[in-house]
$ cat structure-v7.cif   # mmCIF, C-alpha atoms
data_work
loop_
_atom_site.label_atom_id
_atom_site.label_comp_id
_atom_site.auth_asym_id
_atom_site.auth_seq_id
_atom_site.Cartn_x
_atom_site.Cartn_y
_atom_site.Cartn_z
CA MET A 134 41.32 15.64 84.59
CA ILE A 135 42.62 14.62 88.02
CA VAL A 136 45.90 13.39 86.59
CA ARG A 137 46.41 16.65 84.69
CA ARG A 138 45.81 18.68 87.81
CA ILE A 139 48.14 16.72 90.05
CA ARG A 140 50.97 16.44 87.53
CA HIS A 141 52.79 19.40 89.11
CA LEU A 142 52.65 17.74 92.53
CA LEU A 143 53.96 14.49 91.09
CA ASP A 144 56.82 16.42 89.48
CA ILE A 145 58.01 17.94 92.78
CA GLN A 146 57.82 14.86 94.98
CA GLN A 147 61.28 15.42 96.40
CA GLN A 148 59.53 18.02 98.59
CA MET A 149 56.60 15.78 99.52
CA GLN A 150 55.05 12.37 98.91
CA VAL A 151 51.91 12.18 96.81
CA SER A 152 49.84 9.09 97.60
CA ALA A 153 46.95 7.52 95.70
CA ARG A 154 44.16 5.80 97.60
CA VAL A 155 41.79 3.77 95.45
CA THR A 156 38.26 3.10 96.74
CA VAL A 157 37.31 -0.31 95.35
CA THR A 158 33.71 -0.85 94.22
CA PRO A 159 32.15 -3.55 92.01
CA MET A 160 33.01 -1.32 89.05
CA ASN A 161 36.80 -1.24 89.47
CA LEU A 162 37.95 -4.65 90.71
CA ASP A 163 40.82 -4.90 88.19
CA MET A 164 43.36 -3.77 90.77
CA ARG A 165 46.56 -5.15 89.27
CA ASP A 166 46.36 -2.89 86.22
CA ALA A 167 45.25 0.05 88.37
CA LEU A 168 48.22 -0.37 90.72
CA ASP A 169 50.79 -0.49 87.92
CA HIS A 170 49.11 2.42 86.12
CA LEU A 171 49.23 4.65 89.20
CA ILE A 172 52.83 3.69 89.95
CA ASP A 173 53.75 4.47 86.34
CA LEU A 174 52.12 7.89 86.73
CA GLY A 175 54.62 8.62 89.49
CA PHE A 176 52.78 8.08 92.77
CA LEU A 177 55.17 7.09 95.55
CA SER A 178 52.46 5.25 97.48
CA VAL A 179 49.37 3.45 96.16
CA GLY A 180 46.78 1.68 98.30
CA PHE A 181 43.32 0.16 98.06
CA ALA A 182 40.31 0.25 100.38
CA PRO A 183 37.02 -1.60 99.88
CA MET A 184 33.71 0.26 99.75
CA LEU A 185 31.71 -1.55 102.43
CA ALA A 186 29.24 1.14 103.50
CA GLY A 187 28.28 4.12 101.39
CA PRO A 188 25.40 6.28 100.22
CA ASP A 189 24.84 4.13 97.12
CA PRO A 190 24.34 0.40 97.85
CA ALA A 191 25.29 -0.41 94.25
CA CYS A 192 28.84 0.70 95.08
CA GLU A 193 29.17 -1.57 98.12
CA LEU A 194 31.11 -4.81 97.79
CA ASP A 195 29.23 -8.04 98.48
CA ALA A 196 30.76 -11.39 99.47
CA ALA A 197 31.57 -12.39 95.89
CA ASN A 198 33.17 -9.00 95.19
CA LEU A 199 35.29 -9.32 98.31
CA GLU A 200 36.54 -12.72 97.16
CA THR A 201 37.57 -11.13 93.86
CA MET A 202 39.21 -8.21 95.66
CA LEU A 203 41.17 -10.57 97.90
CA ALA A 204 42.47 -12.46 94.86
CA GLU A 205 43.49 -9.16 93.27
CA MET A 206 45.16 -7.94 96.47
CA ILE A 207 47.12 -11.17 96.75
CA ALA A 208 48.19 -10.91 93.10
CA CYS A 209 49.43 -7.37 93.79
CA GLY A 210 51.13 -8.64 96.93
CA ARG A 211 52.93 -11.40 95.05
CA LYS A 212 54.32 -8.86 92.60
CA PHE A 213 55.36 -6.64 95.53
CA GLU A 214 57.17 -9.59 97.13
CA ALA A 215 58.98 -10.47 93.89
CA GLU A 216 60.06 -6.86 93.36
CA VAL A 217 61.29 -6.45 96.94
CA VAL A 218 63.25 -9.70 96.87
CA ALA A 219 64.86 -8.50 93.63
CA GLY A 220 65.85 -5.25 95.36
CA ARG A 221 63.38 -3.01 93.54
CA ARG A 222 60.91 -0.56 95.03
CA TYR A 223 57.22 -1.29 94.51
CA PRO A 224 55.04 1.19 96.45
CA PHE A 225 52.00 -0.98 97.23
CA SER A 226 51.10 0.67 100.53
CA ASN A 227 48.70 -2.02 101.83
CA MET A 228 51.55 -4.52 101.71
CA ILE A 229 54.18 -2.16 103.04
CA GLU A 230 52.10 -1.22 106.06
CA ALA A 231 51.09 -4.81 106.80
CA LEU A 232 54.69 -6.05 106.74
CA ARG A 233 55.87 -3.16 108.89
CA GLN A 234 53.20 -3.88 111.49
CA ILE A 235 54.07 -7.57 111.54
CA HIS A 236 57.78 -6.77 111.86
CA ARG A 237 57.14 -4.35 114.75
CA GLY A 238 54.94 -6.88 116.49
CA ALA A 239 52.08 -4.38 116.38
CA HIS A 240 49.26 -4.86 118.87
CA ARG A 241 46.15 -2.99 117.73
CA PRO A 242 43.19 -2.87 120.14
CA TYR A 243 41.53 -0.44 117.69
CA PRO A 244 41.61 -0.25 113.88
CA CYS A 245 42.49 3.45 113.89
CA GLY A 246 42.63 6.54 116.10
CA ALA A 247 38.96 7.51 115.71
CA GLY A 248 37.76 9.10 118.94
CA ALA A 249 41.23 8.87 120.45
CA GLY A 250 43.89 10.58 118.37
CA TYR A 251 41.71 12.39 115.87
CA PHE A 252 38.15 13.61 115.29
CA GLY A 253 35.89 14.84 112.54
CA VAL A 254 34.41 18.34 112.83
CA SER A 255 31.10 19.22 111.19
CA ALA A 256 30.33 22.56 109.55
CA ASP A 257 28.34 23.64 112.62
CA GLY A 258 31.08 22.66 115.08
CA GLY A 259 30.11 19.15 116.14
CA LEU A 260 32.92 16.80 117.21
CA PHE A 261 32.64 13.26 115.88
CA ALA A 262 34.76 10.12 116.15
CA CYS A 263 36.03 10.61 112.57
CA HIS A 264 35.08 12.21 109.27
CA ARG A 265 32.79 9.29 108.40
CA PHE A 266 30.65 9.90 111.49
CA VAL A 267 30.06 13.62 110.86
CA GLU A 268 26.36 14.34 111.53
CA ASP A 269 25.89 10.75 112.73
CA PRO A 270 24.72 10.79 116.38
CA VAL A 271 26.29 7.37 116.97
CA GLY A 272 29.74 8.93 116.73
CA LYS A 273 29.13 12.35 118.25
CA LEU A 274 31.59 13.12 121.04
CA GLY A 275 31.00 16.81 121.76
CA ASP A 276 31.24 20.17 119.99
CA ILE A 277 33.75 22.98 119.69
CA GLU A 278 31.67 25.34 121.86
CA HIS A 279 31.49 23.09 124.92
CA GLY A 280 34.45 20.87 124.16
CA LEU A 281 34.92 17.13 124.14
CA ASP A 282 32.40 15.09 126.10
CA ARG A 283 35.01 13.01 127.92
CA THR A 284 32.48 10.67 129.48
CA ARG A 285 31.03 9.83 126.07
CA ARG A 286 34.50 9.54 124.57
CA ASN A 287 35.58 7.07 127.28
CA GLU A 288 32.40 5.09 126.69
CA TRP A 289 33.15 5.07 122.95
CA LEU A 290 36.68 3.78 123.45
CA ALA A 291 35.51 1.12 125.90
CA GLU A 292 32.70 -0.02 123.59
CA ARG A 293 34.90 -0.15 120.49
CA HIS A 294 37.87 -1.97 122.05
CA VAL A 295 38.59 -5.23 120.23
CA HIS A 296 38.05 -7.20 123.47
CA ARG A 297 34.46 -5.93 123.58
CA GLN A 298 33.68 -6.86 119.97
CA THR A 299 32.18 -10.21 119.00
CA PRO A 300 33.46 -12.33 117.28
CA CYS A 301 36.69 -10.27 117.31
CA ASN A 302 37.56 -11.26 120.86
CA SER A 303 38.05 -14.87 119.74
CA CYS A 304 39.57 -14.18 116.29
CA TRP A 305 43.25 -14.98 115.66
CA ALA A 306 43.65 -11.79 113.62
CA ARG A 307 42.21 -9.38 116.18
CA TYR A 308 45.44 -7.57 117.10
CA LEU A 309 46.44 -7.09 113.46
CA CYS A 310 42.96 -6.01 112.35
CA GLY A 311 41.85 -4.06 115.43
CA GLY A 312 38.21 -4.95 114.88
CA GLY A 313 37.55 -3.27 111.55
CA CYS A 314 36.46 0.27 110.62
CA HIS A 315 34.04 1.47 113.30
CA HIS A 316 31.71 3.14 110.82
CA GLU A 317 31.52 0.15 108.52
CA VAL A 318 31.00 -2.33 111.35
CA ILE A 319 28.24 -0.23 112.95
CA HIS A 320 26.39 0.43 109.70
CA ARG A 321 27.18 -2.69 107.64
CA GLY A 322 28.21 -5.38 110.10
CA ARG A 323 31.22 -7.65 109.73
CA SER A 324 30.89 -8.53 106.06
CA ALA A 325 34.64 -8.23 105.43
CA CYS A 326 36.04 -10.54 108.12
CA ASP A 327 36.94 -13.36 105.72
CA PHE A 328 38.54 -10.84 103.36
CA ILE A 329 40.63 -9.34 106.19
CA ARG A 330 41.71 -12.72 107.53
CA GLY A 331 42.61 -13.93 104.03
CA TRP A 332 44.71 -10.83 103.41
CA LEU A 333 46.51 -11.06 106.77
CA ASP A 334 47.17 -14.77 106.27
CA PHE A 335 48.86 -13.96 102.96
CA CYS A 336 50.84 -11.09 104.52
CA LEU A 337 52.15 -13.29 107.34
CA ALA A 338 53.43 -15.86 104.85
CA SER A 339 54.91 -13.11 102.68
CA TYR A 340 56.69 -11.62 105.70
CA VAL A 341 58.45 -14.94 106.28
CA ASN A 342 59.47 -15.08 102.60
CA VAL A 343 60.87 -11.54 102.60
CA MET A 344 62.72 -12.11 105.89
CA GLU A 345 64.36 -15.21 104.46
CA GLN A 346 65.20 -13.80 101.04
CA ARG A 347 65.83 -10.10 101.73
CA PRO A 348 66.04 -9.36 105.47
CA THR A 349 67.65 -5.96 104.85
CA TYR A 350 64.22 -4.74 103.67
CA PHE A 351 63.29 -4.25 107.33
CA ASP A 352 66.42 -2.20 108.12
CA PRO A 353 65.08 1.20 109.36
CA SER A 354 68.00 2.98 107.68
CA ARG A 355 66.48 1.89 104.33
CA SER A 356 63.29 3.93 104.84
CA ALA A 357 63.11 4.73 101.12
CA ASP A 358 61.94 1.14 100.56
#

$ encode --input "structure-v7.cif" --output "structure tokens"
Amino acid sequence: MIVRRIRHLLDIQQQMQVSARVTVTPMNLDMRDALDHLIDLGFLSVGFAPMLAGPDPACELDAANLETMLAEMIACGRKFEAEVVAGRRYPFSNMIEALRQIHRGAHRPYPCGAGAGYFGVSADGGLFACHRFVEDPVGKLGDIEHGLDRTRRNEWLAERHVHRQTPCNSCWARYLCGGGCHHEVIHRGRSACDFIRGWLDFCLASYVNVMEQRPTYFDPSRSAD
């Protein structure tokens, strides 16, 4: 049903880019087939995100699931690397973004812009750190009637900085990871640290391979890649 309804958007992608974001649960860990299927449908960007904290615990990934997901991500990454080295486009967005960040020398004290560059707004006008914190007092930073509570926002940003997070402040991957999704860390803990480090370790090695075998991939004039 979803594919039928987005077909028109996929057909006019010269005017826009239609991306697919797959939420990975224990029920859909076969990511290699899913990636190729979505690319074949015509999506110009396909990425995966693990379900670590949600309303249904049965949909949350445990340690064993995360090991499987990492293996699947790496398998997708190896195909991406082979396609790129061969000069072909393969829109696996997790890999593309990771390599771009490594190439830029990105330094991420936060995992995202929650509470800094964007907010979530509830139906009754509350301002929250992001959409995942809507109606969660932990992430409330004001309301549209009285505006942003700047004191609370500054506290939030200070508390969530990677230097204030343990064990992030001693982790080699801290400036690539940024400390992990605030909502997931607060409500689930750091269950995905090994997964994140494993993925970044693979991406760092892949970056070296791509730089050696196809350095033009990182030429900004080739943004279509």

$ residues_around --input "structure-v7.cif" --residues "segment 212-227 of chain A" --least-positions-apart "2" --cutoff "10 Å" --atoms "all atoms listed in the file" --output "PyMOL selection string"
chain A and resi 152-154+165+168-169+171-172+176-182+206-210+229-232+332+336+339-340+342-350+357-358

$ residues_around --input "structure-v7.cif" --residues "segment 274-284 of chain A" --least-positions-apart "4" --cutoff "12 Å" --atoms "only C-alpha atoms" --output "ChimeraX atom specification"
/A:247-249,251-263,266-270,288-291

$ residues_around --input "structure-v7.cif" --residues "Ile139 of chain A" --least-positions-apart "3" --cutoff "12 Å" --atoms "only C-alpha atoms" --output "JSON, numbers by chain"
{"A": [134, 135, 136, 142, 143, 144, 145, 146, 151, 152, 153, 174, 175, 176]}

$ residues_around --input "structure-v7.cif" --residues "Cys314 of chain A" --least-positions-apart "6" --cutoff "9 Å" --atoms "all atoms listed in the file" --output "PyMOL selection string"
chain A and resi 243-245

$ closest_residue --input "structure-v7.cif" --among "A:Asp189, A:Leu333, A:Leu203, A:Pro242" --to "Arg297 of chain A" --atoms "only C-alpha atoms"
A:Pro242

$ resolve_selection --input "structure-v7.cif" --expression "the PyMOL selection byres ((chain A and resi 239) around 12)" --output "number ranges by chain"
A: 230-238, 240-244, 306-311

$ atom_distance --input "structure-v7.cif" --atom1 "atom CA of Cys192 of chain A" --atom2 "atom CA of Val157 of chain A"
8.5 Å

$ atom_distance --input "structure-v7.cif" --atom1 "atom CA of Gly331 of chain A" --atom2 "atom CA of His316 of chain A"
21.4 Å

$ atom_distance --input "structure-v7.cif" --atom1 "atom CA of His296 of chain A" --atom2 "atom CA of Asp327 of chain A"
18.8 Å

$ closest_residue --input "structure-v7.cif" --among "A:Leu185, A:Val155, A:Ala204, A:Leu199" --to "Glu317 of chain A" --atoms "only C-alpha atoms"
A:Leu185

$ resolve_selection --input "structure-v7.cif" --expression "the PyMOL selection byres ((chain A and resi 323) around 12)" --output "list in words"
Leu185, Ala186, Asp195, Ala196, Gln298, Thr299, Pro300, Cys301, Gly312, Gly313, Cys314, His315, His316, Glu317, Val318, Ile319, His320, Arg321, Gly322, Ser324, Ala325, Cys326, Asp327, Phe328, Ile329 and Arg330 of chain A

$ write_last_selection --input "structure-v7.cif" --atoms "C-alpha atoms" --output "mmCIF file, keeping the file's coordinate frame"
data_model
loop_
_atom_site.group_PDB
_atom_site.id
_atom_site.type_symbol
_atom_site.label_atom_id
_atom_site.label_comp_id
_atom_site.auth_asym_id
_atom_site.auth_seq_id
_atom_site.Cartn_x
_atom_site.Cartn_y
_atom_site.Cartn_z
ATOM 1 C CA LEU A 185 31.710 -1.550 102.430
ATOM 2 C CA ALA A 186 29.240 1.140 103.500
ATOM 3 C CA ASP A 195 29.230 -8.040 98.480
ATOM 4 C CA ALA A 196 30.760 -11.390 99.470
ATOM 5 C CA GLN A 298 33.680 -6.860 119.970
ATOM 6 C CA THR A 299 32.180 -10.210 119.000
ATOM 7 C CA PRO A 300 33.460 -12.330 117.280
ATOM 8 C CA CYS A 301 36.690 -10.270 117.310
ATOM 9 C CA GLY A 312 38.210 -4.950 114.880
ATOM 10 C CA GLY A 313 37.550 -3.270 111.550
ATOM 11 C CA CYS A 314 36.460 0.270 110.620
ATOM 12 C CA HIS A 315 34.040 1.470 113.300
ATOM 13 C CA HIS A 316 31.710 3.140 110.820
ATOM 14 C CA GLU A 317 31.520 0.150 108.520
ATOM 15 C CA VAL A 318 31.000 -2.330 111.350
ATOM 16 C CA ILE A 319 28.240 -0.230 112.950
ATOM 17 C CA HIS A 320 26.390 0.430 109.700
ATOM 18 C CA ARG A 321 27.180 -2.690 107.640
ATOM 19 C CA GLY A 322 28.210 -5.380 110.100
ATOM 20 C CA SER A 324 30.890 -8.530 106.060
ATOM 21 C CA ALA A 325 34.640 -8.230 105.430
ATOM 22 C CA CYS A 326 36.040 -10.540 108.120
ATOM 23 C CA ASP A 327 36.940 -13.360 105.720
ATOM 24 C CA PHE A 328 38.540 -10.840 103.360
ATOM 25 C CA ILE A 329 40.630 -9.340 106.190
ATOM 26 C CA ARG A 330 41.710 -12.720 107.530
#
